[in-house]
Amino acid sequence: MRGFGFVALFNLGAMLAAGPTSACIDIAPMDLHDVSYADVVVVGRVTKYTLVLDPEARKRHQEFLAHSSGKVRELLGKANSFMTDYARLEIAVEEVLRGTAPHTLTVTWDNTAFSETMPPTSYLIALRSSGSPLPPLRGATATILPDPDPASLSVLRAPCSAPFFFESTSSDADIVRQILNSGSK
């Protein structure tokens with residue numbers, strides 16, 4: 001029973017502390033036909049990449065750690081990203097494949113593995129508006145958070161699957177172009 005209590009306390013603490021970024025137990029396979037859920041698909045270069053860190057999650061995490069035992073503090077103390085963190089990207093649009101977009105577009109990218117920079121190359125990026133339907137869940141579970149900035153477009157991804165963010169010369173980008181050109185759903 002004592003072991004169960006520790007596991008329950010640990011799980012509760014992880015949830016209350018807005019635990020590390022992983023919102024998925026397993027990564028679901030990507031279906032490139034999910035591009036049909038995109039409101040806008042562009043090819044462009046990322047000109048600005050900013051991480052938007054959730055200060056409230058960090059505050060709750062520190063408060064939880066301050067009241068935790070050494071073992072829990074050791075396990076959860078190294079968290080440096082949270083599910084509510086996201087990236088804000090400025091994109092210099094080179095080509096619009098679906099929908100309409102200005103020459104410069106600011107979008108959000110949530111629930112991803114963030115890096116400090118983006119390689120300076122051209123990307124094919126599928127985007128959705130806040131409130132637009134998401135592709136279906138293809139994995140066992142998922143945590144779906146609200147759009148971090150409802151006024152901006154977000155990078156499209158099915159829950160717990162890879163995002164529609166490809167180097168523009170990749171084979172996945174070629175297949176997405178073919179799907180868009182065929183009008184296939």
# chains A, B, ... in the order shown; residues from 1 in each chain; ligands from 1
>>> residues_around(residues="Arg138 (chain A)", least_positions_apart="2", cutoff="8 Å", atoms="only C-alpha atoms", output="VMD selection string")
chain A and resid 28 to 29 136 140 158 to 161
>>> closest_residue(among="A:Ala87, A:Ala92, A:Ile179, A:Met30", to="Ser154 (chain A)", atoms="only C-alpha atoms")
A:Ala87
>>> residues_around(residues="Ile125 (chain A)", least_positions_apart="6", cutoff="8 Å", atoms="only C-alpha atoms", output="ChimeraX atom specification")
/A:41-44,155-156,164-166
>>> closest_residue(among="A:Leu105, A:Leu180, A:Ile27, A:Ala38", to="Ser129 (chain A)", atoms="only C-alpha atoms")
A:Ala38
>>> atom_distance(atom1="CA of Val40 (chain A)", atom2="CA of Arg98 (chain A)")
5.0 Å
>>> atom_distance(atom1="CA of Asp174 (chain A)", atom2="CA of Tyr37 (chain A)")
17.6 Å
>>> atom_distance(atom1="CA of Tyr86 (chain A)", atom2="CA of Thr108 (chain A)")
6.9 Å
>>> closest_residue(among="A:Val93, A:Leu137, A:Met118, A:Ala101", to="Lys48 (chain A)", atoms="only C-alpha atoms")
A:Met118
>>> residues_around(residues="region 32-35 of chain A", least_positions_apart="6", cutoff="7 Å", atoms="only C-alpha atoms", output="PDB file with all heavy atoms, in the first residue's frame")
ATOM      1  N   ALA A 126       1.622  23.227 -42.854  1.00  0.00           N
ATOM      2  CA  ALA A 126       0.159  23.229 -42.862  1.00  0.00           C
ATOM      3  C   ALA A 126      -0.311  23.848 -41.549  1.00  0.00           C
ATOM      4  O   ALA A 126       0.239  23.558 -40.478  1.00  0.00           O
ATOM      5  CB  ALA A 126      -0.380  21.815 -43.011  1.00  0.00           C
ATOM      6  N   PRO A 135      -7.389  16.777 -36.825  1.00  0.00           N
ATOM      7  CA  PRO A 135      -7.386  15.417 -37.348  1.00  0.00           C
ATOM      8  C   PRO A 135      -7.718  14.447 -36.208  1.00  0.00           C
ATOM      9  O   PRO A 135      -7.523  14.774 -35.031  1.00  0.00           O
ATOM     10  CB  PRO A 135      -5.946  15.221 -37.834  1.00  0.00           C
ATOM     11  CG  PRO A 135      -5.429  16.597 -38.071  1.00  0.00           C
ATOM     12  CD  PRO A 135      -6.110  17.452 -37.039  1.00  0.00           C
ATOM     13  N   VAL A 176       2.467  15.719 -49.842  1.00  0.00           N
ATOM     14  CA  VAL A 176       1.437  16.679 -49.426  1.00  0.00           C
ATOM     15  C   VAL A 176       1.012  17.530 -50.624  1.00  0.00           C
ATOM     16  O   VAL A 176      -0.184  17.764 -50.837  1.00  0.00           O
ATOM     17  CB  VAL A 176       1.929  17.556 -48.249  1.00  0.00           C
ATOM     18  CG1 VAL A 176       1.001  18.745 -48.022  1.00  0.00           C
ATOM     19  CG2 VAL A 176       2.042  16.728 -46.977  1.00  0.00           C
ATOM     20  N   ILE A 179      -1.292  15.453 -52.742  1.00  0.00           N
ATOM     21  CA  ILE A 179      -2.614  15.329 -52.124  1.00  0.00           C
ATOM     22  C   ILE A 179      -3.415  16.611 -52.332  1.00  0.00           C
ATOM     23  O   ILE A 179      -4.596  16.570 -52.702  1.00  0.00           O
ATOM     24  CB  ILE A 179      -2.479  15.003 -50.615  1.00  0.00           C
ATOM     25  CG1 ILE A 179      -1.907  13.581 -50.433  1.00  0.00           C
ATOM     26  CG2 ILE A 179      -3.814  15.147 -49.898  1.00  0.00           C
ATOM     27  CD1 ILE A 179      -1.460  13.266 -49.016  1.00  0.00           C
ATOM     28  N   LYS A 185      -9.124  13.657 -50.098  1.00  0.00           N
ATOM     29  CA  LYS A 185      -9.396  13.827 -48.653  1.00  0.00           C
ATOM     30  C   LYS A 185      -8.868  12.641 -47.903  1.00  0.00           C
ATOM     31  O   LYS A 185      -8.905  11.547 -48.227  1.00  0.00           O
ATOM     32  CB  LYS A 185     -10.886  13.968 -48.396  1.00  0.00           C
ATOM     33  CG  LYS A 185     -11.443  15.276 -48.918  1.00  0.00           C
ATOM     34  CD  LYS A 185     -11.415  16.310 -47.857  1.00  0.00           C
ATOM     35  CE  LYS A 185     -11.983  17.602 -48.358  1.00  0.00           C
ATOM     36  NZ  LYS A 185     -11.891  18.655 -47.439  1.00  0.00           N
TER      37      LYS A 185
END
